[in-house]
>>> print(open('coords.pdb').read())   # PDB, C-alpha atoms
MODEL        1
ATOM      1  CA  MET A 243      87.115 106.141 100.290  1.00  0.00           C
ATOM      2  CA  VAL A 244      88.966 102.840 100.497  1.00  0.00           C
ATOM      3  CA  THR A 245      91.570 101.968  97.878  1.00  0.00           C
ATOM      4  CA  GLY A 246      92.366  98.360  97.048  1.00  0.00           C
ATOM      5  CA  ALA A 247      88.901  97.484  98.291  1.00  0.00           C
ATOM      6  CA  THR A 248      88.588  94.155  96.488  1.00  0.00           C
ATOM      7  CA  GLY A 249      91.542  92.654  98.367  1.00  0.00           C
ATOM      8  CA  ALA A 250      91.190  90.732 101.607  1.00  0.00           C
ATOM      9  CA  ILE A 251      92.016  93.588 103.974  1.00  0.00           C
ATOM     10  CA  GLY A 252      90.532  96.343 101.793  1.00  0.00           C
ATOM     11  CA  MET A 253      87.163  94.645 101.556  1.00  0.00           C
ATOM     12  CA  ALA A 254      87.119  94.012 105.311  1.00  0.00           C
ATOM     13  CA  ILE A 255      87.891  97.709 105.926  1.00  0.00           C
ATOM     14  CA  ALA A 256      85.102  98.779 103.574  1.00  0.00           C
ATOM     15  CA  ARG A 257      82.647  96.327 105.133  1.00  0.00           C
ATOM     16  CA  GLN A 258      83.394  97.469 108.690  1.00  0.00           C
ATOM     17  CA  LEU A 259      82.992 101.103 107.676  1.00  0.00           C
ATOM     18  CA  ALA A 260      79.741 100.369 105.849  1.00  0.00           C
ATOM     19  CA  ALA A 261      78.401  98.611 108.951  1.00  0.00           C
ATOM     20  CA  ARG A 262      78.022 102.089 110.425  1.00  0.00           C
ATOM     21  CA  ALA A 263      74.650 103.292 109.165  1.00  0.00           C
ATOM     22  CA  ASP A 264      75.741 106.923 108.810  1.00  0.00           C
ATOM     23  CA  HIS A 265      78.655 106.067 106.490  1.00  0.00           C
ATOM     24  CA  GLU A 266      78.729 106.236 102.722  1.00  0.00           C
ATOM     25  CA  VAL A 267      81.613 104.097 101.463  1.00  0.00           C
ATOM     26  CA  VAL A 268      83.264 104.279  98.064  1.00  0.00           C
ATOM     27  CA  LEU A 269      85.428 101.351  96.976  1.00  0.00           C
ATOM     28  CA  ILE A 270      88.332 102.388  94.761  1.00  0.00           C
ATOM     29  CA  CYS A 271      88.990  99.400  92.505  1.00  0.00           C
ATOM     30  CA  ARG A 272      90.675  98.426  89.262  1.00  0.00           C
ATOM     31  CA  ASP A 273      88.631  95.380  88.216  1.00  0.00           C
ATOM     32  CA  ALA A 274      84.959  96.012  87.377  1.00  0.00           C
ATOM     33  CA  ASP A 275      83.762  92.459  88.015  1.00  0.00           C
ATOM     34  CA  LYS A 276      85.460  92.250  91.399  1.00  0.00           C
ATOM     35  CA  ALA A 277      84.232  95.733  92.303  1.00  0.00           C
ATOM     36  CA  THR A 278      80.640  94.850  91.478  1.00  0.00           C
ATOM     37  CA  ARG A 279      80.784  91.601  93.433  1.00  0.00           C
ATOM     38  CA  CYS A 280      82.416  93.179  96.495  1.00  0.00           C
ATOM     39  CA  THR A 281      79.992  96.096  96.530  1.00  0.00           C
ATOM     40  CA  GLU A 282      76.990  93.765  96.365  1.00  0.00           C
ATOM     41  CA  GLU A 283      78.407  91.558  99.129  1.00  0.00           C
ATOM     42  CA  ILE A 284      79.022  94.538 101.416  1.00  0.00           C
ATOM     43  CA  VAL A 285      75.543  95.964 100.842  1.00  0.00           C
ATOM     44  CA  GLN A 286      73.992  92.576 101.578  1.00  0.00           C
ATOM     45  CA  ALA A 287      76.137  91.988 104.672  1.00  0.00           C
ATOM     46  CA  THR A 288      75.602  95.434 106.213  1.00  0.00           C
ATOM     47  CA  GLY A 289      72.203  96.496 104.911  1.00  0.00           C
ATOM     48  CA  ASN A 290      73.786  99.821 103.967  1.00  0.00           C
ATOM     49  CA  PRO A 291      72.783 100.800 100.403  1.00  0.00           C
ATOM     50  CA  ARG A 292      75.242 103.707 100.371  1.00  0.00           C
ATOM     51  CA  VAL A 293      78.145 101.632  99.066  1.00  0.00           C
ATOM     52  CA  HIS A 294      79.503 102.378  95.608  1.00  0.00           C
ATOM     53  CA  PHE A 295      82.673 101.886  93.604  1.00  0.00           C
ATOM     54  CA  GLU A 296      84.936 103.859  91.300  1.00  0.00           C
ATOM     55  CA  LEU A 297      87.190 102.209  88.743  1.00  0.00           C
ATOM     56  CA  VAL A 298      90.710 103.592  89.004  1.00  0.00           C
ATOM     57  CA  ASP A 299      94.207 102.353  88.191  1.00  0.00           C
ATOM     58  CA  LEU A 300      96.148 103.641  91.176  1.00  0.00           C
ATOM     59  CA  SER A 301      99.480 103.064  89.458  1.00  0.00           C
ATOM     60  CA  ARG A 302      98.626 105.820  86.978  1.00  0.00           C
ATOM     61  CA  ARG A 303      98.331 109.450  87.978  1.00  0.00           C
ATOM     62  CA  SER A 304      96.096 110.240  84.994  1.00  0.00           C
ATOM     63  CA  SER A 305      93.520 107.692  86.185  1.00  0.00           C
ATOM     64  CA  ILE A 306      93.482 109.196  89.686  1.00  0.00           C
ATOM     65  CA  GLN A 307      93.165 112.708  88.292  1.00  0.00           C
ATOM     66  CA  ALA A 308      90.248 111.672  86.088  1.00  0.00           C
ATOM     67  CA  MET A 309      88.392 110.326  89.134  1.00  0.00           C
ATOM     68  CA  ALA A 310      89.140 113.469  91.120  1.00  0.00           C
ATOM     69  CA  GLU A 311      87.746 115.622  88.330  1.00  0.00           C
ATOM     70  CA  ARG A 312      84.442 113.734  88.235  1.00  0.00           C
ATOM     71  CA  TRP A 313      84.113 113.495  92.032  1.00  0.00           C
ATOM     72  CA  GLN A 314      81.227 115.367  93.621  1.00  0.00           C
ATOM     73  CA  GLY A 315      81.230 116.528  97.233  1.00  0.00           C
ATOM     74  CA  PRO A 316      83.660 116.265 100.136  1.00  0.00           C
ATOM     75  CA  VAL A 317      85.749 113.334 101.365  1.00  0.00           C
ATOM     76  CA  HIS A 318      85.780 112.765 105.116  1.00  0.00           C
ATOM     77  CA  VAL A 319      88.146 109.800 105.240  1.00  0.00           C
ATOM     78  CA  LEU A 320      90.647 108.445 102.733  1.00  0.00           C
ATOM     79  CA  VAL A 321      92.051 104.982 103.464  1.00  0.00           C
ATOM     80  CA  ASN A 322      95.058 104.277 101.234  1.00  0.00           C
ATOM     81  CA  ASN A 323      95.300 100.503 101.256  1.00  0.00           C
ATOM     82  CA  ALA A 324      96.021  99.285  97.704  1.00  0.00           C
ATOM     83  CA  ALA A 325      99.253  97.383  97.154  1.00  0.00           C
ATOM     84  CA  VAL A 326     100.728  94.903  94.707  1.00  0.00           C
ATOM     85  CA  THR A 327     103.661  92.503  95.013  1.00  0.00           C
ATOM     86  CA  PRO A 328     104.420  91.064  91.561  1.00  0.00           C
ATOM     87  CA  GLN A 329     107.114  88.415  91.665  1.00  0.00           C
ATOM     88  CA  HIS A 330     108.820  89.795  88.561  1.00  0.00           C
ATOM     89  CA  ARG A 331     109.599  93.412  87.800  1.00  0.00           C
ATOM     90  CA  GLN A 332     106.807  95.125  85.901  1.00  0.00           C
ATOM     91  CA  SER A 333     106.345  98.705  84.720  1.00  0.00           C
ATOM     92  CA  THR A 334     103.368 100.955  84.129  1.00  0.00           C
ATOM     93  CA  PRO A 335     102.723 102.369  80.625  1.00  0.00           C
ATOM     94  CA  GLU A 336     104.580 105.460  81.859  1.00  0.00           C
ATOM     95  CA  GLY A 337     107.633 103.296  82.612  1.00  0.00           C
ATOM     96  CA  ILE A 338     107.424 103.399  86.417  1.00  0.00           C
ATOM     97  CA  GLU A 339     108.180 100.229  88.373  1.00  0.00           C
ATOM     98  CA  LEU A 340     104.772  98.847  89.361  1.00  0.00           C
ATOM     99  CA  GLN A 341     105.210  98.405  93.126  1.00  0.00           C
ATOM    100  CA  PHE A 342     106.592 101.906  93.560  1.00  0.00           C
ATOM    101  CA  ALA A 343     103.856 103.327  91.332  1.00  0.00           C
ATOM    102  CA  THR A 344     101.018 101.562  93.168  1.00  0.00           C
ATOM    103  CA  ASN A 345     102.207 101.188  96.740  1.00  0.00           C
ATOM    104  CA  VAL A 346     103.880 104.589  97.087  1.00  0.00           C
ATOM    105  CA  LEU A 347     102.926 106.997  94.327  1.00  0.00           C
ATOM    106  CA  GLY A 348      99.332 105.758  94.391  1.00  0.00           C
ATOM    107  CA  TYR A 349      99.110 106.965  98.018  1.00  0.00           C
ATOM    108  CA  PHE A 350     100.916 110.200  97.149  1.00  0.00           C
ATOM    109  CA  TRP A 351      98.729 110.984  94.131  1.00  0.00           C
ATOM    110  CA  MET A 352      95.478 110.148  95.946  1.00  0.00           C
ATOM    111  CA  ILE A 353      96.326 112.511  98.771  1.00  0.00           C
ATOM    112  CA  GLU A 354      97.304 115.281  96.376  1.00  0.00           C
ATOM    113  CA  ALA A 355      94.219 114.802  94.195  1.00  0.00           C
ATOM    114  CA  PHE A 356      91.778 114.846  97.119  1.00  0.00           C
ATOM    115  CA  THR A 357      93.334 117.368  99.496  1.00  0.00           C
ATOM    116  CA  GLU A 358      90.770 120.027  98.598  1.00  0.00           C
ATOM    117  CA  ARG A 359      87.877 117.575  99.049  1.00  0.00           C
ATOM    118  CA  LEU A 360      89.283 116.597 102.447  1.00  0.00           C
ATOM    119  CA  ARG A 361      89.624 120.258 103.385  1.00  0.00           C
ATOM    120  CA  GLN A 362      85.946 120.729 102.597  1.00  0.00           C
ATOM    121  CA  ALA A 363      85.129 117.994 105.118  1.00  0.00           C
ATOM    122  CA  SER A 364      87.552 119.175 107.824  1.00  0.00           C
ATOM    123  CA  PRO A 365      88.199 117.717 110.316  1.00  0.00           C
ATOM    124  CA  ALA A 366      89.127 114.875 107.952  1.00  0.00           C
ATOM    125  CA  ARG A 367      91.412 111.877 108.132  1.00  0.00           C
ATOM    126  CA  ILE A 368      93.850 109.999 105.927  1.00  0.00           C
ATOM    127  CA  VAL A 369      94.889 106.476 106.915  1.00  0.00           C
ATOM    128  CA  ASN A 370      97.885 104.964 105.128  1.00  0.00           C
ATOM    129  CA  VAL A 371      97.955 101.190 105.464  1.00  0.00           C
ATOM    130  CA  ALA A 372     101.663 100.420 105.729  1.00  0.00           C
ATOM    131  CA  SER A 373     103.400  97.523 107.490  1.00  0.00           C
ATOM    132  CA  TYR A 374     105.917  96.637 110.161  1.00  0.00           C
ATOM    133  CA  TRP A 375     107.646  94.787 107.308  1.00  0.00           C
ATOM    134  CA  ALA A 376     109.451  97.921 106.167  1.00  0.00           C
ATOM    135  CA  GLY A 377     112.977  99.090 105.450  1.00  0.00           C
ATOM    136  CA  GLY A 378     115.801  99.183 102.934  1.00  0.00           C
ATOM    137  CA  LEU A 379     114.761 102.368 101.156  1.00  0.00           C
ATOM    138  CA  ASN A 380     117.323 103.701  98.686  1.00  0.00           C
ATOM    139  CA  ILE A 381     116.448 107.219  97.592  1.00  0.00           C
ATOM    140  CA  HIS A 382     118.778 106.850  94.601  1.00  0.00           C
ATOM    141  CA  ASP A 383     117.136 103.646  93.367  1.00  0.00           C
ATOM    142  CA  LEU A 384     113.447 103.880  94.187  1.00  0.00           C
ATOM    143  CA  GLU A 385     112.466 101.769  91.180  1.00  0.00           C
ATOM    144  CA  PHE A 386     115.070  99.017  91.595  1.00  0.00           C
ATOM    145  CA  LYS A 387     116.763  99.836  88.330  1.00  0.00           C
ATOM    146  CA  ARG A 388     120.221  99.267  89.829  1.00  0.00           C
ATOM    147  CA  ARG A 389     119.419  96.617  92.416  1.00  0.00           C
ATOM    148  CA  PHE A 390     118.229  93.084  91.765  1.00  0.00           C
ATOM    149  CA  TYR A 391     114.428  93.010  91.808  1.00  0.00           C
ATOM    150  CA  ASP A 392     113.218  90.925  94.717  1.00  0.00           C
ATOM    151  CA  ASN A 393     109.516  91.536  95.376  1.00  0.00           C
ATOM    152  CA  ASN A 394     110.010  91.187  99.117  1.00  0.00           C
ATOM    153  CA  ALA A 395     112.709  93.875  99.223  1.00  0.00           C
ATOM    154  CA  VAL A 396     110.686  96.120  96.925  1.00  0.00           C
ATOM    155  CA  TYR A 397     107.628  95.747  99.140  1.00  0.00           C
ATOM    156  CA  ARG A 398     109.612  96.531 102.309  1.00  0.00           C
ATOM    157  CA  GLN A 399     110.945  99.687 100.684  1.00  0.00           C
ATOM    158  CA  SER A 400     107.454 100.744  99.625  1.00  0.00           C
ATOM    159  CA  LYS A 401     106.090 100.376 103.156  1.00  0.00           C
ATOM    160  CA  GLN A 402     108.979 102.385 104.600  1.00  0.00           C
ATOM    161  CA  ALA A 403     108.185 105.056 102.032  1.00  0.00           C
ATOM    162  CA  ASP A 404     104.507 105.048 103.045  1.00  0.00           C
ATOM    163  CA  ARG A 405     105.434 105.581 106.674  1.00  0.00           C
ATOM    164  CA  MET A 406     107.837 108.398 105.811  1.00  0.00           C
ATOM    165  CA  LEU A 407     105.391 110.162 103.484  1.00  0.00           C
ATOM    166  CA  THR A 408     102.778 109.946 106.235  1.00  0.00           C
ATOM    167  CA  VAL A 409     104.981 112.262 108.305  1.00  0.00           C
ATOM    168  CA  ALA A 410     105.551 114.605 105.361  1.00  0.00           C
ATOM    169  CA  PHE A 411     101.851 114.939 104.561  1.00  0.00           C
ATOM    170  CA  ALA A 412     100.892 115.247 108.237  1.00  0.00           C
ATOM    171  CA  ARG A 413     103.073 118.350 108.563  1.00  0.00           C
ATOM    172  CA  ARG A 414     101.640 119.885 105.397  1.00  0.00           C
ATOM    173  CA  LEU A 415      97.972 119.108 105.986  1.00  0.00           C
ATOM    174  CA  GLN A 416      97.605 119.705 109.728  1.00  0.00           C
ATOM    175  CA  PRO A 417      96.861 123.440 109.226  1.00  0.00           C
ATOM    176  CA  PHE A 418      93.852 122.442 107.103  1.00  0.00           C
ATOM    177  CA  GLY A 419      92.328 120.146 109.707  1.00  0.00           C
ATOM    178  CA  ILE A 420      93.441 116.923 108.020  1.00  0.00           C
ATOM    179  CA  THR A 421      95.220 114.238 110.038  1.00  0.00           C
ATOM    180  CA  VAL A 422      97.463 111.630 108.404  1.00  0.00           C
ATOM    181  CA  ASN A 423      98.451 108.418 110.179  1.00  0.00           C
ATOM    182  CA  ALA A 424      99.936 105.068 109.156  1.00  0.00           C
ATOM    183  CA  CYS A 425      99.436 101.586 110.500  1.00  0.00           C
ATOM    184  CA  HIS A 426     100.291  97.924 110.242  1.00  0.00           C
ATOM    185  CA  PRO A 427      97.032  96.038 109.590  1.00  0.00           C
ATOM    186  CA  GLY A 428      98.091  92.676 110.971  1.00  0.00           C
ATOM    187  CA  ASP A 429      99.356  89.403 109.532  1.00  0.00           C
ATOM    188  CA  VAL A 430      96.489  88.534 107.217  1.00  0.00           C
ATOM    189  CA  ASN A 431      96.531  85.580 104.852  1.00  0.00           C
ATOM    190  CA  SER A 432      96.036  87.242 101.475  1.00  0.00           C
ATOM    191  CA  THR A 433      97.169  87.192  97.874  1.00  0.00           C
ATOM    192  CA  LEU A 434      99.706  89.876  98.756  1.00  0.00           C
ATOM    193  CA  SER A 435     101.187  87.994 101.707  1.00  0.00           C
ATOM    194  CA  ASN A 436     101.312  84.762  99.732  1.00  0.00           C
ATOM    195  CA  ASN A 437     103.183  86.511  96.913  1.00  0.00           C
ATOM    196  CA  LEU A 438     105.764  87.530  99.503  1.00  0.00           C
ATOM    197  CA  GLY A 439     106.124  83.976 100.753  1.00  0.00           C
ATOM    198  CA  PHE A 440     104.166  84.461 103.974  1.00  0.00           C
ATOM    199  CA  GLY A 441     100.918  82.825 104.941  1.00  0.00           C
ATOM    200  CA  GLY A 442      99.456  85.051 107.608  1.00  0.00           C
ATOM    201  CA  HIS A 443      97.536  83.794 110.632  1.00  0.00           C
ATOM    202  CA  GLU A 444      94.904  86.503 111.033  1.00  0.00           C
ATOM    203  CA  ALA A 445      91.510  86.867 109.389  1.00  0.00           C
ATOM    204  CA  PRO A 446      90.812  89.953 107.234  1.00  0.00           C
ATOM    205  CA  ASN A 447      88.412  91.349 109.839  1.00  0.00           C
ATOM    206  CA  GLN A 448      91.247  91.320 112.378  1.00  0.00           C
ATOM    207  CA  GLY A 449      93.537  93.089 109.916  1.00  0.00           C
ATOM    208  CA  ALA A 450      90.918  95.766 109.282  1.00  0.00           C
ATOM    209  CA  ARG A 451      90.482  96.743 112.926  1.00  0.00           C
ATOM    210  CA  THR A 452      93.371  99.192 113.237  1.00  0.00           C
ATOM    211  CA  PRO A 453      92.746 101.009 109.921  1.00  0.00           C
ATOM    212  CA  VAL A 454      89.027 101.332 110.756  1.00  0.00           C
ATOM    213  CA  TRP A 455      89.842 102.494 114.275  1.00  0.00           C
ATOM    214  CA  LEU A 456      92.143 105.195 112.867  1.00  0.00           C
ATOM    215  CA  ALA A 457      89.447 106.196 110.399  1.00  0.00           C
ATOM    216  CA  THR A 458      86.634 106.517 112.928  1.00  0.00           C
ATOM    217  CA  HIS A 459      87.562 106.518 116.594  1.00  0.00           C
ATOM    218  CA  GLU A 460      87.330 109.775 118.486  1.00  0.00           C
ATOM    219  CA  SER A 461      90.415 108.992 120.602  1.00  0.00           C
ATOM    220  CA  VAL A 462      92.780 109.329 117.621  1.00  0.00           C
ATOM    221  CA  HIS A 463      91.199 112.438 116.190  1.00  0.00           C
ATOM    222  CA  ARG A 464      94.067 114.724 117.213  1.00  0.00           C
ATOM    223  CA  HIS A 465      96.927 112.366 116.387  1.00  0.00           C
ATOM    224  CA  THR A 466      98.775 113.000 113.151  1.00  0.00           C
ATOM    225  CA  GLY A 467     102.020 111.814 111.604  1.00  0.00           C
ATOM    226  CA  LYS A 468     102.024 108.705 113.795  1.00  0.00           C
ATOM    227  CA  TYR A 469     102.390 104.971 113.213  1.00  0.00           C
ATOM    228  CA  PHE A 470     100.121 102.387 114.873  1.00  0.00           C
ATOM    229  CA  GLU A 471     100.026  98.630 115.396  1.00  0.00           C
ATOM    230  CA  ARG A 472      97.083  96.845 117.043  1.00  0.00           C
ATOM    231  CA  GLN A 473      95.414 100.171 117.840  1.00  0.00           C
ATOM    232  CA  ARG A 474      98.455 101.439 119.718  1.00  0.00           C
ATOM    233  CA  GLU A 475     100.964 104.086 118.742  1.00  0.00           C
ATOM    234  CA  VAL A 476     104.398 102.598 118.077  1.00  0.00           C
ATOM    235  CA  ASN A 477     107.651 104.482 117.679  1.00  0.00           C
ATOM    236  CA  CYS A 478     108.600 104.642 114.010  1.00  0.00           C
ATOM    237  CA  PRO A 479     112.371 104.882 113.426  1.00  0.00           C
ATOM    238  CA  PHE A 480     111.825 106.267 109.928  1.00  0.00           C
ATOM    239  CA  ALA A 481     109.902 109.270 111.298  1.00  0.00           C
ATOM    240  CA  ALA A 482     113.067 110.735 112.822  1.00  0.00           C
ATOM    241  CA  ASP A 483     114.830 111.045 109.455  1.00  0.00           C
ATOM    242  CA  MET A 484     113.428 114.418 108.459  1.00  0.00           C
ATOM    243  CA  GLU A 485     116.031 114.988 105.755  1.00  0.00           C
ATOM    244  CA  GLY A 486     115.232 111.611 104.216  1.00  0.00           C
ATOM    245  CA  ILE A 487     111.503 112.288 104.483  1.00  0.00           C
ATOM    246  CA  GLU A 488     111.802 115.576 102.619  1.00  0.00           C
ATOM    247  CA  ASP A 489     114.090 114.013  99.992  1.00  0.00           C
ATOM    248  CA  LEU A 490     111.519 111.269  99.413  1.00  0.00           C
ATOM    249  CA  PHE A 491     108.682 113.781  99.187  1.00  0.00           C
ATOM    250  CA  ALA A 492     110.617 115.835  96.629  1.00  0.00           C
ATOM    251  CA  ALA A 493     111.454 112.718  94.626  1.00  0.00           C
ATOM    252  CA  SER A 494     107.786 111.677  94.626  1.00  0.00           C
ATOM    253  CA  GLU A 495     106.718 115.130  93.455  1.00  0.00           C
ATOM    254  CA  VAL A 496     108.881 114.736  90.357  1.00  0.00           C
ATOM    255  CA  TYR A 497     106.602 111.926  89.159  1.00  0.00           C
ATOM    256  CA  GLY A 498     103.685 114.331  89.128  1.00  0.00           C
ATOM    257  CA  SER A 499     105.381 117.104  87.210  1.00  0.00           C
TER
ENDMDL
END
>>> encode(input="coords.pdb", output="structure tokens")
Amino acid sequence: MVTGATGAIGMAIARQLAARADHEVVLICRDADKATRCTEEIVQATGNPRVHFELVDLSRRSSIQAMAERWQGPVHVLVNNAAVTPQHRQSTPEGIELQFATNVLGYFWMIEAFTERLRQASPARIVNVASYWAGGLNIHDLEFKRRFYDNNAVYRQSKQADRMLTVAFARRLQPFGITVNACHPGDVNSTLSNNLGFGGHEAPNQGARTPVWLATHESVHRHTGKYFERQREVNCPFAADMEGIEDLFAASEVYGS
């Protein structure tokens, strides 16, 4: 499963996974037209007919739950990749700030919703596409209700949160044979990076290499709770803050209650 699979990096991840003949790949998308087009392009490019899509709004827990309820069979790999960077503050119908809902809670809710399916496929893997552009998390203002909304600062906070929640889920899911790792995909020129004011000098296929490597390569099978850049483990300063990690996990749980 690849979330955000119609974006530049997400589609490249899905295409590289589908290039392996033994893989069935499900694109988790929000826009039906884009999903159809991307699925057809991947099938044509790879010759793999086992590529499908599911329509889901990852900013809404009810949409994720509905997909989980209709899902049949196990999940071997979940790649959480979807992210948004609106330039002005937006909220979901439930009143949650959109970046936090999509970039953080979307990862959280997907993992929760599909833990049992991943257990069925154990050993299974979760890959959280994060970023080295991370920091500034304020546990008391996760939705930027008190701070001025700057999409760059909001994005950095969301990627720090993704890296911290990777550690939290790794500890909880390791006994069930599920590994959870995070990575920076590279500096890809995309809609997301342009919204943040960056261009990006790498092609999507370059950005997809580390997420796909984490999803498939035998050498990382036993790693969990780690952060990677360019297919190498990198020390993550946020991983040492266990109190902050558990506070963030508890705060995220509240949104599902």
>>> residues_near_point(input="coords.pdb", point="(106.2, 110.3, 92.2)", cutoff="8 Å", atoms="only C-alpha atoms", output="ChimeraX atom specification")
/A:343,346-347,350-351,493-498
>>> resolve_selection(input="coords.pdb", expression="the PyMOL selection byres ((chain A and resi 272) around 12)", output="list of chain:residue names")
A:Thr245, A:Gly246, A:Ala247, A:Thr248, A:Gly249, A:Leu269, A:Ile270, A:Cys271, A:Asp273, A:Ala274, A:Asp275, A:Lys276, A:Ala277, A:Thr278, A:Phe295, A:Glu296, A:Leu297, A:Val298, A:Asp299, A:Leu300, A:Ser301, A:Arg302, A:Ser305, A:Ile306, A:Ala324, A:Ala325, A:Val326, A:Thr344
>>> resolve_selection(input="coords.pdb", expression="the PyMOL selection byres ((chain A and resi 428) around 7)", output="ChimeraX atom specification")
/A:426-427,429-430,444,449
>>> closest_residue(input="coords.pdb", among="A:Ser333, A:Thr452, A:Asn370, A:Thr421", to="Asp404 in chain A", atoms="all atoms listed in the file")
A:Asn370
>>> closest_atom_pairs(input="coords.pdb", of="range 355-391 of chain A", to="range 457-469 of chain A", cutoff="12 Å", atoms="all atoms listed in the file", output="JSON lines")
{"residue": "A:Ser364", "atom": "CA", "partner": "A:His463", "partner_atom": "CA", "distance": 11.3}
{"residue": "A:Pro365", "atom": "CA", "partner": "A:His463", "partner_atom": "CA", "distance": 8.4}
{"residue": "A:Ala366", "atom": "CA", "partner": "A:His463", "partner_atom": "CA", "distance": 8.8}
{"residue": "A:Arg367", "atom": "CA", "partner": "A:Ala457", "partner_atom": "CA", "distance": 6.4}
{"residue": "A:Ile368", "atom": "CA", "partner": "A:Ala457", "partner_atom": "CA", "distance": 7.3}
{"residue": "A:Val369", "atom": "CA", "partner": "A:Ala457", "partner_atom": "CA", "distance": 6.5}
{"residue": "A:Asn370", "atom": "CA", "partner": "A:Tyr469", "partner_atom": "CA", "distance": 9.3}
{"residue": "A:Val371", "atom": "CA", "partner": "A:Tyr469", "partner_atom": "CA", "distance": 9.7}
{"residue": "A:Ala372", "atom": "CA", "partner": "A:Tyr469", "partner_atom": "CA", "distance": 8.8}
{"residue": "A:Ser373", "atom": "CA", "partner": "A:Tyr469", "partner_atom": "CA", "distance": 9.4}
{"residue": "A:Tyr374", "atom": "CA", "partner": "A:Tyr469", "partner_atom": "CA", "distance": 9.6}
>>> closest_atom_pairs(input="coords.pdb", of="range 319-438 of chain A", to="range 256-261 of chain A", cutoff="12 Å", atoms="all atoms listed in the file", output="CSV")
residue,atom,partner,partner_atom,distance
A:Val319,CA,A:Leu259,CA,10.4
A:Leu320,CA,A:Ala256,CA,11.2
A:Val321,CA,A:Ala256,CA,9.3
A:Asn322,CA,A:Ala256,CA,11.6
A:Asn323,CA,A:Ala256,CA,10.6
>>> resolve_selection(input="coords.pdb", expression="the PyMOL selection byres ((chain A and resi 356) around 10)", output="list of chain:residue names")
A:Ile306, A:Gln307, A:Met309, A:Ala310, A:Glu311, A:Trp313, A:Pro316, A:Val317, A:Leu320, A:Trp351, A:Met352, A:Ile353, A:Glu354, A:Ala355, A:Thr357, A:Glu358, A:Arg359, A:Leu360, A:Arg361, A:Gln362
>>> write_last_selection(input="coords.pdb", atoms="C-alpha atoms", output="PDB file, keeping the file's coordinate frame")
ATOM      1  CA  ILE A 306      93.482 109.196  89.686  1.00  0.00           C
ATOM      2  CA  GLN A 307      93.165 112.708  88.292  1.00  0.00           C
ATOM      3  CA  MET A 309      88.392 110.326  89.134  1.00  0.00           C
ATOM      4  CA  ALA A 310      89.140 113.469  91.120  1.00  0.00           C
ATOM      5  CA  GLU A 311      87.746 115.622  88.330  1.00  0.00           C
ATOM      6  CA  TRP A 313      84.113 113.495  92.032  1.00  0.00           C
ATOM      7  CA  PRO A 316      83.660 116.265 100.136  1.00  0.00           C
ATOM      8  CA  VAL A 317      85.749 113.334 101.365  1.00  0.00           C
ATOM      9  CA  LEU A 320      90.647 108.445 102.733  1.00  0.00           C
ATOM     10  CA  TRP A 351      98.729 110.984  94.131  1.00  0.00           C
ATOM     11  CA  MET A 352      95.478 110.148  95.946  1.00  0.00           C
ATOM     12  CA  ILE A 353      96.326 112.511  98.771  1.00  0.00           C
ATOM     13  CA  GLU A 354      97.304 115.281  96.376  1.00  0.00           C
ATOM     14  CA  ALA A 355      94.219 114.802  94.195  1.00  0.00           C
ATOM     15  CA  THR A 357      93.334 117.368  99.496  1.00  0.00           C
ATOM     16  CA  GLU A 358      90.770 120.027  98.598  1.00  0.00           C
ATOM     17  CA  ARG A 359      87.877 117.575  99.049  1.00  0.00           C
ATOM     18  CA  LEU A 360      89.283 116.597 102.447  1.00  0.00           C
ATOM     19  CA  ARG A 361      89.624 120.258 103.385  1.00  0.00           C
ATOM     20  CA  GLN A 362      85.946 120.729 102.597  1.00  0.00           C
TER      21      GLN A 362
END
>>> closest_residue(input="coords.pdb", among="A:Cys478, A:Cys280, A:Val268, A:Val293", to="Cys425 in chain A", atoms="only C-alpha atoms")
A:Cys478
>>> closest_residue(input="coords.pdb", among="A:Gly378, A:Pro291, A:Gly315, A:Pro335", to="His265 in chain A", atoms="only C-alpha atoms")
A:Pro291
>>> axis_aligned_box(input="coords.pdb", around="range 387-399 of chain A", padding_each_side="5 Å", output="lines of an AutoDock Vina configuration file")
center_x = 113.9
center_y = 95.4
center_z = 95.3
size_x = 22.6
size_y = 18.9
size_z = 24.0
>>> atom_distance(input="coords.pdb", atom1="CA of Phe342 in chain A", atom2="CA of Asp383 in chain A")
10.7 Å
>>> closest_residue(input="coords.pdb", among="A:His318, A:Arg451, A:His294, A:Arg303", to="Thr334 in chain A", atoms="all atoms listed in the file")
A:Arg303
>>> atom_distance(input="coords.pdb", atom1="CA of Pro446 in chain A", atom2="CA of Leu340 in chain A")
24.4 Å
>>> residues_around(input="coords.pdb", residues="Ala492 in chain A", least_positions_apart="6", cutoff="12 Å", atoms="all atoms listed in the file", output="ChimeraX atom specification")
/A:347,350,381,407,410-411,485-486,498-499
>>> closest_residue(input="coords.pdb", among="A:Val409, A:Ala376, A:Ala403, A:Ile284", to="Asn423 in chain A", atoms="all atoms listed in the file")
A:Val409
>>> decode(input="coords.pdb", residues="range 394-398 of chain A", atoms="N, CA and C atoms", output="compact mmCIF listing (two decimals), in the first residue's frame")
# COMPACT_ATOMS: atom_id res chain seq x y z
N ASN A 394 5.59 26.38 5.97
CA ASN A 394 6.91 25.77 6.12
C ASN A 394 7.12 25.27 7.54
N ALA A 395 6.78 26.09 8.52
CA ALA A 395 6.93 25.69 9.92
C ALA A 395 5.99 24.54 10.27
N VAL A 396 4.79 24.58 9.72
CA VAL A 396 3.82 23.51 9.99
C VAL A 396 4.31 22.20 9.40
N TYR A 397 4.87 22.27 8.20
CA TYR A 397 5.40 21.07 7.56
C TYR A 397 6.57 20.49 8.36
N ARG A 398 7.50 21.35 8.80
CA ARG A 398 8.64 20.88 9.58
C ARG A 398 8.16 20.18 10.84
